[in-house]
Amino acid sequence: MSGNAPGKKKPTASRKKAAVAEAPRPSAPKQREKSTGLHIGEAAPGVAKVDPIIVADGVRRTFGGLTAVDVEHVEIPRGAITALIGPNGAGKTTLFNLLTGFDKPDAGSWVFDGSSLSGVPAFKVSRMGQVRTFQLTKALGLLTVVENMKLGAKGQKGEKFWHSLVPALWRAQDDEIEERAMRLLTKFKLDAKADDFAASLSGGQRKLLEMARALMSEPQLVMLDEPMAGVNPALTQSLLDHILDLKDEGMTVLFVEHDMHMVRHIADWVIVMAEGRVVAEGDPVTVMKNPAVVDAYLGAHQDVDLGVVTGRYGDGKAGAGVTAAQIEAEGRAELEDEEK
Amino acid sequence: MDWLNILSNSASSIISPATMAYALAALGLAVHFGYAGLLNMGVAGFMALGAYGYAISILTFGFPWWLAMLVGLVASAGFAFVLGIPTLRLRGDYLAIVTIAAAEVVRLLFLTTAFDPVTGSADGLSGYHGSFRDANPLPDGNYGFGPWVYSSDQWWVRIVGVIALALAVVLVWRLMASPWGRVLKGIREDEDAVRALGKNVFSYKMQALVLGGVIAGAGGIVYALPSAVNSGVYVTSLTFFVYTALLLGGAATVFGPLIGSLIFWVLQTLLSNLLPAMVQAGILPFMSQIQAGTLRFILVGVALMLLVVFRPQGIFGNKKELTFVR
């Protein structure tokens with residue numbers, strides 16, 4: 001891509017200024033209060049929320065004979081962090097795709113921020129302020145990191161065919177966008193990589209880039225599909241802080257995640273899906289004690305070391321007061337129950 | 001061997017209309033394939049529509065040359081638009097199949113005797129130069145030096161070709177350096193990601209298809225300017241030649257298609273002169289002169305393969321890109 005020389009400017013003065021102004025954040029995570037009182041009435045599947053940002057009704061999606069998603073009613077609370085959990089194949093990502101217009105449901109309707117989203121194409125959903133990331137990270141490899149970021153900004157004049165031919169029309173806006181991009185990159189500690197191809201980033205850095213890029217569009221609702229998958233523990237900590245920051249800035253977050261520690265730590269509300277349906281809802285602590293959730297997803301020994309569960313090592317090592325023999329006995333009893 | 005003649009012919013091809021036509025077509029393809037990631041295998045169809053649009057407008061409708069050129073460009077744009085509506089929803093490899101078929105449909109429509117009075121079917125069209133040559137501002141006579149001595153009419157074709165090429169280069173260069181080009185490159189990398197960021201991917205792909213189609217159509221017109229139009233030219237192998245020129249220079253570059261076409265044609269001319277001469281001189285005793293003439297096409301094929309395997313980013317491509325072969 002040597003022919004596009006004029007597009008690749010040297011880092012401007014404003015870019016450096018942005019980098020200096022935002023010093024690296026202290027690494028000690030601050031304690032934050034969880035949002036409570038989000039729902040009306042008893043926390044059950046489909047419970048009404050005080051201030052929902054998304055209300056979905058009767059959303060169904062089938063692939064041939066398989067019903068991937070069959071949600072009667074669900075509401076996502078505004079200004080809170082909601083986790084969507086459930087076993088593999090529960091329809092979490094399919095629901096994500098439906099809500100963001102990447103897939104079309106067989107039936108159902110849903111409303112985002114007061115306007116119906118049924119049949120609205122994905123790019124318009126995003127323009128309305130509901131932006132998503134992907135389970136398999138989609139960094140645009142042969143664009144530089146900063147180009148990736150600038151692509152996220154909404155309402156760019158220079159993105160129209162005829163306008164793009166007259167740089168005077170969009171240059172100022174483009175510089176502004178670049179400044180904002182650099183501020184965000186600094187926050188996500190990617191500023192040193194700004195002029196590298198996104199393909200040169202590590203998996204975790206790509207996750208960060210994708211999230212930062214989504215934020216460039218200044219969304220109201222950020223939908224993250226497994227933001228922690230394949231990210232090392234140290235980076236997880238900073239990603240968690242970034243997600244909590246989003247809430248502080250007034251955004252709503254909906255995320256799919258399998259890491260239960262993370263869900264417990266940051267989610268204000270948890271929606272549990274299994275076989276396409278919402279089987280439980282509630283605050284993280286309550287939901288994780290719900291027998292339906294334990295059965296469908298968590299498993300009876302979620303807090304026990306894997307070595308104990310599989311019987312590779314015995315007493316005392318995991319410190320959870322359960323032994324391999326005990327588990328085996330329980331398992332056998334369960335099997336016998338089923339046979340009856 | 002007449003080395004002087006061989007080298008002179010090769011040098012002459014540097015500014016031949018064919019070179020410019022290829023450069024334009026390759027530039028259009030750079031927009032499609034290099035920047036937008038659209039695997040268009042129907043370049044020959046776009047060129048045919050440009051050429052036939054130009055020739056038919058003059059011969060059948062008596063349009064002046066400039067209006068005829070405009071008709072040729074509009075025909076290419078229209079083809080791109082009609083082709084794009086059903087096909088741009090397809091993934092890369094399917095798009096390639098559909099475009100290759102569409103280009104063949106176009107060629108066969110021009111070849112069929114059903115429209116003989118207009119298209120000339122297998123004979124093609126010729127004798128449409130009057131209006132274009134009348135507009136020639138150069139006085140009659142021969143100009144130039146060394147291998148580049150041409151008549152005023154030949155120069156006029158080359159001047160128009162260079163102007164068209166320059167306009168197209170500046171247009172593509174400005175576009176790709178703008179946020180519009182950024183979106184297009186993003187679509188090439190992953191269109192779902194770009195869609196998730198609120199860009200109307202279909203519309204951008206359509207704009208790219210039409211833009212590249214018009215530039216390729218301009219290539220067809222320049223190809224038709226000096227001599228005649230014949231459907232036998234716009235075959236699928238033309239598409240492959242244009243791809244060779246493009247990949248030689250670098251697919252996602254602005255000057256790559258130019259240099260690629262230049263190298264392609266200089267080498268073609270050199271080989272087409274050199275190989276038969278070598279047979280004549282007894283250096284290649286195992287083949288006839290005619291066989292030697294076709295040997296160059298085999299060499300082109302081998303070159304294309306080597307290029308894609310060992311230097312997929314082309315001469316002008318960014319070295320860094322090679323590190324991240326997709």
# chains A, B, ... in the order shown; residues from 1 in each chain; ligands from 1
>>> residues_around(residues="stretch 222-239 of chain A", least_positions_apart="3", cutoff="6 Å", atoms="only C-alpha atoms", output="list of chain:residue names")
A:Val131, A:Arg132, A:Thr133, A:Phe134, A:Gln135, A:Gly204, A:His242, A:Val253, A:Leu254, A:Phe255, A:Val256, A:Glu257
>>> write_last_selection(atoms="C-alpha atoms", output="PDB file, in the first residue's frame")
ATOM      1  CA  VAL A 131     -22.393  -1.237  18.664  1.00  0.00           C
ATOM      2  CA  ARG A 132     -21.006  -4.738  19.031  1.00  0.00           C
ATOM      3  CA  THR A 133     -17.771  -6.692  19.001  1.00  0.00           C
ATOM      4  CA  PHE A 134     -17.264 -10.241  17.803  1.00  0.00           C
ATOM      5  CA  GLN A 135     -16.452 -13.506  19.490  1.00  0.00           C
ATOM      6  CA  GLY A 204      -5.279  -9.755  23.546  1.00  0.00           C
ATOM      7  CA  HIS A 242     -12.283  -0.545  30.856  1.00  0.00           C
ATOM      8  CA  VAL A 253     -22.926  -2.837  28.529  1.00  0.00           C
ATOM      9  CA  LEU A 254     -24.244  -6.233  27.521  1.00  0.00           C
ATOM     10  CA  PHE A 255     -21.683  -8.995  27.334  1.00  0.00           C
ATOM     11  CA  VAL A 256     -21.435 -12.722  26.775  1.00  0.00           C
ATOM     12  CA  GLU A 257     -18.865 -14.427  28.933  1.00  0.00           C
TER      13      GLU A 257
END
>>> interface_residues(of="chain B", to="chain A", cutoff="10 Å", atoms="only C-alpha atoms", output="ChimeraX atom specification")
/B:34-35,170-201,204,207-208,250-256,313,316-321,323-326
>>> residues_around(residues="stretch 1-14 of chain B", least_positions_apart="3", cutoff="7 Å", atoms="only C-alpha atoms", output="list in words")
Thr19, Pro147, Trp148, Leu262, Trp265, Val266, Thr269, Leu270, Asn273, Leu274, Ala277 and Ala281 of chain B
>>> select_by_dssp(residues="stretch 114-333 of chain A", states="strand (DSSP E or B)", output="list in words")
Ser115, Ser116, Gln130, Val131, Arg132, Thr144, Phe197, Leu221, Val222, Met223, Leu224, Asp225, Thr252, Val253, Leu254, Phe255, Val256, Trp269, Val270, Ile271, Val272, Met273, Ala274, Arg277, Val278, Val279, Ala280, Glu281 and Gly282 of chain A
>>> residues_around(residues="stretch 273-284 of chain A", least_positions_apart="3", cutoff="10 Å", atoms="only C-alpha atoms", output="compact mmCIF listing (two decimals) with all heavy atoms, in the first residue's frame")
# COMPACT_ATOMS: atom_id res chain seq x y z
N LYS A 34 -22.03 -1.70 42.80
CA LYS A 34 -22.87 -2.30 41.76
C LYS A 34 -24.19 -1.57 41.69
O LYS A 34 -24.69 -1.08 42.71
CB LYS A 34 -23.12 -3.76 42.11
CG LYS A 34 -21.85 -4.58 42.04
CD LYS A 34 -22.09 -5.82 41.28
CE LYS A 34 -20.78 -6.54 41.07
NZ LYS A 34 -20.97 -7.88 40.59
N SER A 35 -24.76 -1.53 40.48
CA SER A 35 -26.10 -0.94 40.36
C SER A 35 -27.11 -1.94 40.90
O SER A 35 -27.05 -3.12 40.58
CB SER A 35 -26.42 -0.64 38.90
OG SER A 35 -25.39 0.12 38.34
N THR A 36 -28.04 -1.43 41.70
CA THR A 36 -29.10 -2.31 42.21
C THR A 36 -30.45 -1.68 41.93
O THR A 36 -30.53 -0.55 41.44
CB THR A 36 -28.96 -2.54 43.73
OG1 THR A 36 -28.79 -1.25 44.34
CG2 THR A 36 -27.77 -3.41 44.06
N GLY A 37 -31.47 -2.42 42.24
CA GLY A 37 -32.83 -1.90 42.01
C GLY A 37 -33.13 -1.70 40.54
O GLY A 37 -33.76 -0.72 40.15
N LEU A 38 -32.65 -2.62 39.71
CA LEU A 38 -32.84 -2.47 38.27
C LEU A 38 -34.19 -2.99 37.80
O LEU A 38 -34.71 -2.57 36.78
CB LEU A 38 -31.74 -3.22 37.53
CG LEU A 38 -30.31 -2.73 37.76
CD1 LEU A 38 -29.31 -3.76 37.27
CD2 LEU A 38 -30.09 -1.40 37.07
N HIS A 39 -34.75 -3.94 38.60
CA HIS A 39 -35.95 -4.61 38.11
C HIS A 39 -37.18 -4.25 38.95
O HIS A 39 -37.07 -3.70 40.04
CB HIS A 39 -35.74 -6.13 38.14
CG HIS A 39 -35.41 -6.65 39.50
ND1 HIS A 39 -34.22 -6.42 40.12
CD2 HIS A 39 -36.15 -7.39 40.36
CE1 HIS A 39 -34.20 -6.98 41.31
NE2 HIS A 39 -35.37 -7.59 41.48
N GLU A 42 -40.40 -9.50 41.30
CA GLU A 42 -39.49 -10.59 41.60
C GLU A 42 -38.60 -10.90 40.39
O GLU A 42 -39.06 -10.89 39.24
CB GLU A 42 -40.30 -11.84 41.96
CG GLU A 42 -39.52 -12.83 42.80
CD GLU A 42 -40.38 -14.00 43.19
OE1 GLU A 42 -41.60 -13.80 43.38
OE2 GLU A 42 -39.85 -15.11 43.28
N ALA A 43 -37.33 -11.18 40.66
CA ALA A 43 -36.40 -11.47 39.57
C ALA A 43 -36.70 -12.84 38.99
O ALA A 43 -36.35 -13.86 39.57
CB ALA A 43 -34.97 -11.41 40.09
N ALA A 44 -37.37 -12.86 37.86
CA ALA A 44 -37.69 -14.10 37.17
C ALA A 44 -37.41 -13.88 35.70
O ALA A 44 -37.25 -12.73 35.28
CB ALA A 44 -39.16 -14.45 37.38
N PRO A 45 -37.31 -14.94 34.91
CA PRO A 45 -37.08 -14.73 33.47
C PRO A 45 -38.12 -13.80 32.88
O PRO A 45 -39.32 -13.98 33.07
CB PRO A 45 -37.20 -16.15 32.90
CG PRO A 45 -36.84 -17.04 34.02
CD PRO A 45 -37.31 -16.36 35.26
N GLY A 46 -37.64 -12.75 32.18
CA GLY A 46 -38.54 -11.81 31.53
C GLY A 46 -39.03 -10.70 32.44
O GLY A 46 -39.96 -9.97 32.08
N VAL A 47 -38.41 -10.55 33.60
CA VAL A 47 -38.87 -9.53 34.54
C VAL A 47 -38.73 -8.13 33.93
O VAL A 47 -37.81 -7.86 33.16
CB VAL A 47 -38.08 -9.63 35.87
CG1 VAL A 47 -36.62 -9.30 35.65
CG2 VAL A 47 -38.67 -8.71 36.92
N VAL A 59 -38.82 -13.26 20.34
CA VAL A 59 -37.80 -13.40 19.30
C VAL A 59 -37.46 -14.88 19.11
O VAL A 59 -37.07 -15.56 20.06
CB VAL A 59 -36.53 -12.61 19.67
CG1 VAL A 59 -35.44 -12.84 18.63
CG2 VAL A 59 -36.86 -11.13 19.76
N ARG A 60 -37.66 -15.35 17.89
CA ARG A 60 -37.40 -16.76 17.57
C ARG A 60 -36.54 -16.87 16.34
O ARG A 60 -36.73 -16.16 15.37
CB ARG A 60 -38.74 -17.46 17.29
CG ARG A 60 -39.20 -18.44 18.34
CD ARG A 60 -40.62 -18.86 18.03
NE ARG A 60 -40.67 -19.57 16.76
CZ ARG A 60 -40.43 -20.89 16.66
NH1 ARG A 60 -40.19 -21.59 17.73
NH2 ARG A 60 -40.47 -21.48 15.49
N ARG A 61 -35.57 -17.76 16.41
CA ARG A 61 -34.73 -18.01 15.24
C ARG A 61 -34.47 -19.50 15.16
O ARG A 61 -33.98 -20.10 16.12
CB ARG A 61 -33.40 -17.27 15.36
CG ARG A 61 -32.43 -17.52 14.21
CD ARG A 61 -32.87 -16.78 12.96
NE ARG A 61 -31.87 -16.85 11.91
CZ ARG A 61 -31.96 -17.67 10.84
NH1 ARG A 61 -32.99 -18.47 10.71
NH2 ARG A 61 -31.03 -17.65 9.91
N THR A 62 -34.84 -20.10 14.03
CA THR A 62 -34.59 -21.52 13.86
C THR A 62 -33.64 -21.73 12.69
O THR A 62 -33.65 -20.98 11.71
CB THR A 62 -35.89 -22.29 13.56
OG1 THR A 62 -36.53 -21.67 12.44
CG2 THR A 62 -36.84 -22.25 14.75
N LEU A 66 -33.61 -26.91 14.22
CA LEU A 66 -33.06 -26.49 15.50
C LEU A 66 -33.56 -25.09 15.86
O LEU A 66 -33.43 -24.17 15.06
CB LEU A 66 -31.53 -26.47 15.42
CG LEU A 66 -30.81 -25.94 16.66
CD1 LEU A 66 -30.67 -27.03 17.69
CD2 LEU A 66 -29.47 -25.36 16.27
N THR A 67 -34.13 -24.96 17.03
CA THR A 67 -34.53 -23.64 17.50
C THR A 67 -33.37 -23.06 18.30
O THR A 67 -33.11 -23.47 19.42
CB THR A 67 -35.79 -23.73 18.37
OG1 THR A 67 -36.80 -24.39 17.61
CG2 THR A 67 -36.28 -22.34 18.75
N ALA A 68 -32.67 -22.12 17.69
CA ALA A 68 -31.47 -21.58 18.33
C ALA A 68 -31.84 -20.56 19.40
O ALA A 68 -31.24 -20.50 20.46
CB ALA A 68 -30.57 -20.95 17.29
N VAL A 69 -32.84 -19.73 19.09
CA VAL A 69 -33.26 -18.70 20.04
C VAL A 69 -34.78 -18.69 20.09
O VAL A 69 -35.45 -18.73 19.06
CB VAL A 69 -32.75 -17.31 19.62
CG1 VAL A 69 -33.44 -16.22 20.42
CG2 VAL A 69 -31.24 -17.21 19.82
N ASP A 70 -35.31 -18.69 21.31
CA ASP A 70 -36.76 -18.60 21.49
C ASP A 70 -37.00 -17.83 22.80
O ASP A 70 -37.25 -18.41 23.84
CB ASP A 70 -37.36 -20.01 21.56
CG ASP A 70 -38.89 -19.95 21.59
OD1 ASP A 70 -39.42 -18.83 21.50
OD2 ASP A 70 -39.50 -21.01 21.71
N VAL A 71 -36.88 -16.51 22.69
CA VAL A 71 -36.97 -15.67 23.88
C VAL A 71 -38.34 -15.02 23.93
O VAL A 71 -38.72 -14.28 23.02
CB VAL A 71 -35.86 -14.59 23.85
CG1 VAL A 71 -36.07 -13.60 24.97
CG2 VAL A 71 -34.49 -15.24 23.97
N GLU A 72 -39.10 -15.32 24.99
CA GLU A 72 -40.46 -14.77 25.09
C GLU A 72 -40.42 -13.27 25.35
O GLU A 72 -41.08 -12.49 24.69
CB GLU A 72 -41.21 -15.48 26.21
CG GLU A 72 -42.09 -16.60 25.72
CD GLU A 72 -42.72 -17.33 26.87
OE1 GLU A 72 -43.25 -16.64 27.77
OE2 GLU A 72 -42.68 -18.57 26.88
N HIS A 73 -39.69 -12.94 26.40
CA HIS A 73 -39.62 -11.52 26.75
C HIS A 73 -38.34 -11.29 27.53
O HIS A 73 -38.04 -12.01 28.47
CB HIS A 73 -40.84 -11.12 27.59
CG HIS A 73 -40.86 -9.65 27.92
ND1 HIS A 73 -41.41 -8.72 27.07
CD2 HIS A 73 -40.39 -8.97 28.99
CE1 HIS A 73 -41.27 -7.51 27.61
NE2 HIS A 73 -40.66 -7.63 28.77
N VAL A 74 -37.60 -10.27 27.15
CA VAL A 74 -36.41 -9.94 27.93
C VAL A 74 -36.16 -8.45 27.84
O VAL A 74 -36.42 -7.82 26.81
CB VAL A 74 -35.19 -10.78 27.48
CG1 VAL A 74 -34.63 -10.28 26.17
CG2 VAL A 74 -34.11 -10.79 28.55
N THR A 82 -24.82 -5.82 32.03
CA THR A 82 -25.59 -7.05 32.04
C THR A 82 -24.77 -8.16 31.41
O THR A 82 -24.20 -7.96 30.33
CB THR A 82 -26.90 -6.87 31.25
OG1 THR A 82 -27.61 -5.76 31.81
CG2 THR A 82 -27.75 -8.12 31.32
N ALA A 83 -24.71 -9.29 32.08
CA ALA A 83 -24.00 -10.44 31.52
C ALA A 83 -25.01 -11.42 30.96
O ALA A 83 -26.08 -11.63 31.54
CB ALA A 83 -23.16 -11.11 32.59
N LEU A 84 -24.66 -11.99 29.82
CA LEU A 84 -25.49 -13.02 29.21
C LEU A 84 -24.67 -14.30 29.29
O LEU A 84 -23.62 -14.40 28.66
CB LEU A 84 -25.77 -12.63 27.76
CG LEU A 84 -26.75 -13.44 26.95
CD1 LEU A 84 -28.11 -13.47 27.61
CD2 LEU A 84 -26.87 -12.85 25.55
N ILE A 85 -25.14 -15.24 30.11
CA ILE A 85 -24.36 -16.47 30.24
C ILE A 85 -25.21 -17.67 29.86
O ILE A 85 -26.43 -17.57 29.70
CB ILE A 85 -23.80 -16.66 31.68
CG1 ILE A 85 -24.94 -16.82 32.69
CG2 ILE A 85 -22.92 -15.50 32.07
CD1 ILE A 85 -24.45 -17.20 34.08
N GLY A 86 -24.55 -18.78 29.71
CA GLY A 86 -25.26 -20.00 29.32
C GLY A 86 -24.31 -20.96 28.68
O GLY A 86 -23.22 -20.56 28.24
N PRO A 87 -24.70 -22.23 28.61
CA PRO A 87 -23.80 -23.23 28.03
C PRO A 87 -23.57 -23.00 26.54
O PRO A 87 -24.31 -22.24 25.90
CB PRO A 87 -24.53 -24.55 28.27
CG PRO A 87 -25.94 -24.18 28.47
CD PRO A 87 -25.96 -22.81 29.07
N ASN A 88 -22.58 -23.66 25.99
CA ASN A 88 -22.32 -23.57 24.55
C ASN A 88 -23.57 -24.02 23.79
O ASN A 88 -24.19 -25.00 24.15
CB ASN A 88 -21.15 -24.47 24.16
CG ASN A 88 -19.87 -24.00 24.80
OD1 ASN A 88 -19.66 -22.81 24.96
ND2 ASN A 88 -19.03 -24.94 25.18
N GLY A 89 -23.91 -23.26 22.77
CA GLY A 89 -25.09 -23.62 21.98
C GLY A 89 -26.38 -23.14 22.59
O GLY A 89 -27.46 -23.52 22.14
N ALA A 90 -26.30 -22.28 23.63
CA ALA A 90 -27.52 -21.79 24.27
C ALA A 90 -28.21 -20.71 23.44
O ALA A 90 -29.35 -20.36 23.71
CB ALA A 90 -27.21 -21.25 25.65
N GLY A 91 -27.51 -20.19 22.43
CA GLY A 91 -28.11 -19.16 21.58
C GLY A 91 -27.70 -17.75 21.95
O GLY A 91 -28.33 -16.79 21.51
N LYS A 92 -26.65 -17.62 22.73
CA LYS A 92 -26.22 -16.28 23.16
C LYS A 92 -25.75 -15.44 21.98
O LYS A 92 -26.21 -14.32 21.78
CB LYS A 92 -25.09 -16.38 24.19
CG LYS A 92 -25.40 -17.25 25.38
CD LYS A 92 -24.25 -17.29 26.35
CE LYS A 92 -22.99 -17.91 25.81
NZ LYS A 92 -23.04 -19.36 25.59
N THR A 94 -26.26 -16.04 18.82
CA THR A 94 -27.36 -15.87 17.86
C THR A 94 -28.26 -14.71 18.30
O THR A 94 -28.67 -13.89 17.48
CB THR A 94 -28.18 -17.16 17.76
OG1 THR A 94 -27.30 -18.24 17.52
CG2 THR A 94 -29.19 -17.07 16.63
N LEU A 95 -28.54 -14.63 19.61
CA LEU A 95 -29.35 -13.52 20.11
C LEU A 95 -28.62 -12.19 19.85
O LEU A 95 -29.24 -11.21 19.43
CB LEU A 95 -29.62 -13.70 21.61
CG LEU A 95 -30.50 -12.62 22.25
CD1 LEU A 95 -31.89 -12.63 21.63
CD2 LEU A 95 -30.60 -12.80 23.76
N MET A 260 -16.80 -17.03 35.02
CA MET A 260 -17.77 -16.70 36.06
C MET A 260 -17.23 -15.72 37.09
O MET A 260 -17.96 -14.95 37.69
CB MET A 260 -18.23 -17.98 36.77
CG MET A 260 -19.23 -18.77 35.98
SD MET A 260 -20.57 -17.72 35.43
CE MET A 260 -20.32 -17.76 33.68
N VAL A 263 -17.90 -12.41 35.61
CA VAL A 263 -19.33 -12.09 35.66
C VAL A 263 -19.71 -11.64 37.07
O VAL A 263 -20.35 -10.61 37.26
CB VAL A 263 -20.16 -13.31 35.23
CG1 VAL A 263 -21.64 -13.08 35.50
CG2 VAL A 263 -19.92 -13.62 33.76
N ARG A 264 -19.25 -12.39 38.06
CA ARG A 264 -19.57 -12.06 39.44
C ARG A 264 -19.00 -10.69 39.81
O ARG A 264 -19.60 -9.92 40.54
CB ARG A 264 -18.98 -13.12 40.35
CG ARG A 264 -19.89 -13.49 41.50
CD ARG A 264 -19.38 -14.71 42.21
NE ARG A 264 -19.00 -15.78 41.28
CZ ARG A 264 -18.87 -17.04 41.63
NH1 ARG A 264 -19.09 -17.40 42.86
NH2 ARG A 264 -18.52 -17.95 40.75
N HIS A 265 -17.82 -10.43 39.27
CA HIS A 265 -17.10 -9.23 39.66
C HIS A 265 -17.72 -7.96 39.08
O HIS A 265 -17.85 -6.96 39.79
CB HIS A 265 -15.64 -9.37 39.22
CG HIS A 265 -14.80 -8.18 39.56
ND1 HIS A 265 -14.76 -7.65 40.84
CD2 HIS A 265 -13.97 -7.42 38.81
CE1 HIS A 265 -13.96 -6.62 40.84
NE2 HIS A 265 -13.46 -6.44 39.63
N ILE A 266 -18.09 -7.97 37.83
CA ILE A 266 -18.50 -6.69 37.23
C ILE A 266 -19.98 -6.61 36.85
O ILE A 266 -20.49 -5.51 36.68
CB ILE A 266 -17.65 -6.32 35.99
CG1 ILE A 266 -17.91 -7.27 34.84
CG2 ILE A 266 -16.19 -6.24 36.36
CD1 ILE A 266 -17.34 -6.74 33.54
N ALA A 267 -20.66 -7.73 36.71
CA ALA A 267 -22.03 -7.64 36.21
C ALA A 267 -22.99 -7.15 37.30
O ALA A 267 -22.88 -7.52 38.46
CB ALA A 267 -22.49 -9.00 35.70
N ASP A 268 -23.91 -6.26 36.90
CA ASP A 268 -24.97 -5.81 37.81
C ASP A 268 -26.17 -6.73 37.69
O ASP A 268 -26.99 -6.83 38.59
CB ASP A 268 -25.41 -4.40 37.46
CG ASP A 268 -24.26 -3.42 37.50
OD1 ASP A 268 -23.52 -3.44 38.49
OD2 ASP A 268 -24.09 -2.66 36.52
N TRP A 269 -26.29 -7.34 36.54
CA TRP A 269 -27.47 -8.15 36.25
C TRP A 269 -27.02 -9.32 35.38
O TRP A 269 -26.13 -9.14 34.54
CB TRP A 269 -28.52 -7.31 35.53
CG TRP A 269 -29.86 -7.97 35.44
CD1 TRP A 269 -30.40 -8.58 34.35
CD2 TRP A 269 -30.81 -8.09 36.49
NE1 TRP A 269 -31.63 -9.07 34.66
CE2 TRP A 269 -31.91 -8.78 35.98
CE3 TRP A 269 -30.82 -7.67 37.83
CZ2 TRP A 269 -33.03 -9.08 36.74
CZ3 TRP A 269 -31.94 -7.96 38.58
CH2 TRP A 269 -33.04 -8.66 38.03
N VAL A 270 -27.58 -10.47 35.60
CA VAL A 270 -27.18 -11.63 34.81
C VAL A 270 -28.41 -12.26 34.19
O VAL A 270 -29.43 -12.46 34.87
CB VAL A 270 -26.44 -12.68 35.68
CG1 VAL A 270 -26.10 -13.91 34.86
CG2 VAL A 270 -25.19 -12.09 36.30
N VAL A 287 -28.34 -15.37 41.15
CA VAL A 287 -28.49 -16.21 39.97
C VAL A 287 -27.59 -17.44 40.06
O VAL A 287 -27.98 -18.54 39.70
CB VAL A 287 -28.19 -15.40 38.70
CG1 VAL A 287 -27.74 -16.31 37.58
CG2 VAL A 287 -29.41 -14.62 38.28
N MET A 288 -26.38 -17.24 40.58
CA MET A 288 -25.45 -18.37 40.59
C MET A 288 -25.81 -19.42 41.63
O MET A 288 -25.23 -20.50 41.65
CB MET A 288 -24.04 -17.86 40.76
CG MET A 288 -23.57 -17.25 39.44
SD MET A 288 -21.90 -16.72 39.48
CE MET A 288 -21.92 -15.56 38.13
N LYS A 289 -26.74 -19.07 42.51
CA LYS A 289 -27.23 -20.08 43.46
C LYS A 289 -28.48 -20.78 42.96
O LYS A 289 -28.93 -21.77 43.53
CB LYS A 289 -27.52 -19.42 44.80
CG LYS A 289 -26.24 -19.07 45.56
CD LYS A 289 -26.56 -18.45 46.89
CE LYS A 289 -25.33 -17.85 47.52
NZ LYS A 289 -25.65 -16.63 48.27
N ASN A 290 -29.06 -20.22 41.90
CA ASN A 290 -30.29 -20.77 41.34
C ASN A 290 -30.06 -22.19 40.83
O ASN A 290 -29.18 -22.42 40.00
CB ASN A 290 -30.73 -19.83 40.19
CG ASN A 290 -32.04 -20.25 39.58
OD1 ASN A 290 -32.38 -21.42 39.56
ND2 ASN A 290 -32.77 -19.27 39.09
N PRO A 291 -30.82 -23.16 41.34
CA PRO A 291 -30.58 -24.56 40.94
C PRO A 291 -30.68 -24.77 39.44
O PRO A 291 -29.91 -25.57 38.88
CB PRO A 291 -31.66 -25.34 41.68
CG PRO A 291 -32.45 -24.38 42.48
CD PRO A 291 -31.89 -23.01 42.34
N ALA A 292 -31.59 -24.06 38.79
CA ALA A 292 -31.73 -24.22 37.33
C ALA A 292 -30.43 -23.83 36.63
O ALA A 292 -29.99 -24.48 35.68
CB ALA A 292 -32.88 -23.35 36.82
N VAL A 293 -29.80 -22.78 37.12
CA VAL A 293 -28.57 -22.30 36.50
C VAL A 293 -27.43 -23.28 36.78
O VAL A 293 -26.63 -23.60 35.91
CB VAL A 293 -28.21 -20.89 37.03
CG1 VAL A 293 -26.91 -20.41 36.43
CG2 VAL A 293 -29.35 -19.93 36.75
N ALA A 296 -28.02 -26.27 34.49
CA ALA A 296 -27.90 -26.07 33.05
C ALA A 296 -26.51 -25.63 32.65
O ALA A 296 -26.08 -25.87 31.53
CB ALA A 296 -28.92 -25.03 32.59
N TYR A 297 -25.80 -24.99 33.56
CA TYR A 297 -24.60 -24.31 33.09
C TYR A 297 -23.40 -24.50 33.99
O TYR A 297 -22.35 -24.98 33.57
CB TYR A 297 -24.93 -22.83 32.94
CG TYR A 297 -23.78 -21.99 32.46
CD1 TYR A 297 -23.01 -22.39 31.37
CD2 TYR A 297 -23.45 -20.80 33.09
CE1 TYR A 297 -21.96 -21.62 30.93
CE2 TYR A 297 -22.40 -20.03 32.66
CZ TYR A 297 -21.65 -20.45 31.57
OH TYR A 297 -20.62 -19.69 31.14
>>> residues_around(residues="stretch 90-96 of chain B", least_positions_apart="3", cutoff="9 Å", atoms="only C-alpha atoms", output="JSON, numbers by chain")
{"B": [37, 38, 39, 40, 41, 42, 86, 87, 99, 100, 101]}
>>> closest_residue(among="B:Val149, B:Val31, B:Leu49, B:Val160", to="B:Phe132", atoms="only C-alpha atoms")
B:Val160
>>> atom_distance(atom1="atom CA of A:Val145", atom2="atom CA of A:Ala198")
5.1 Å
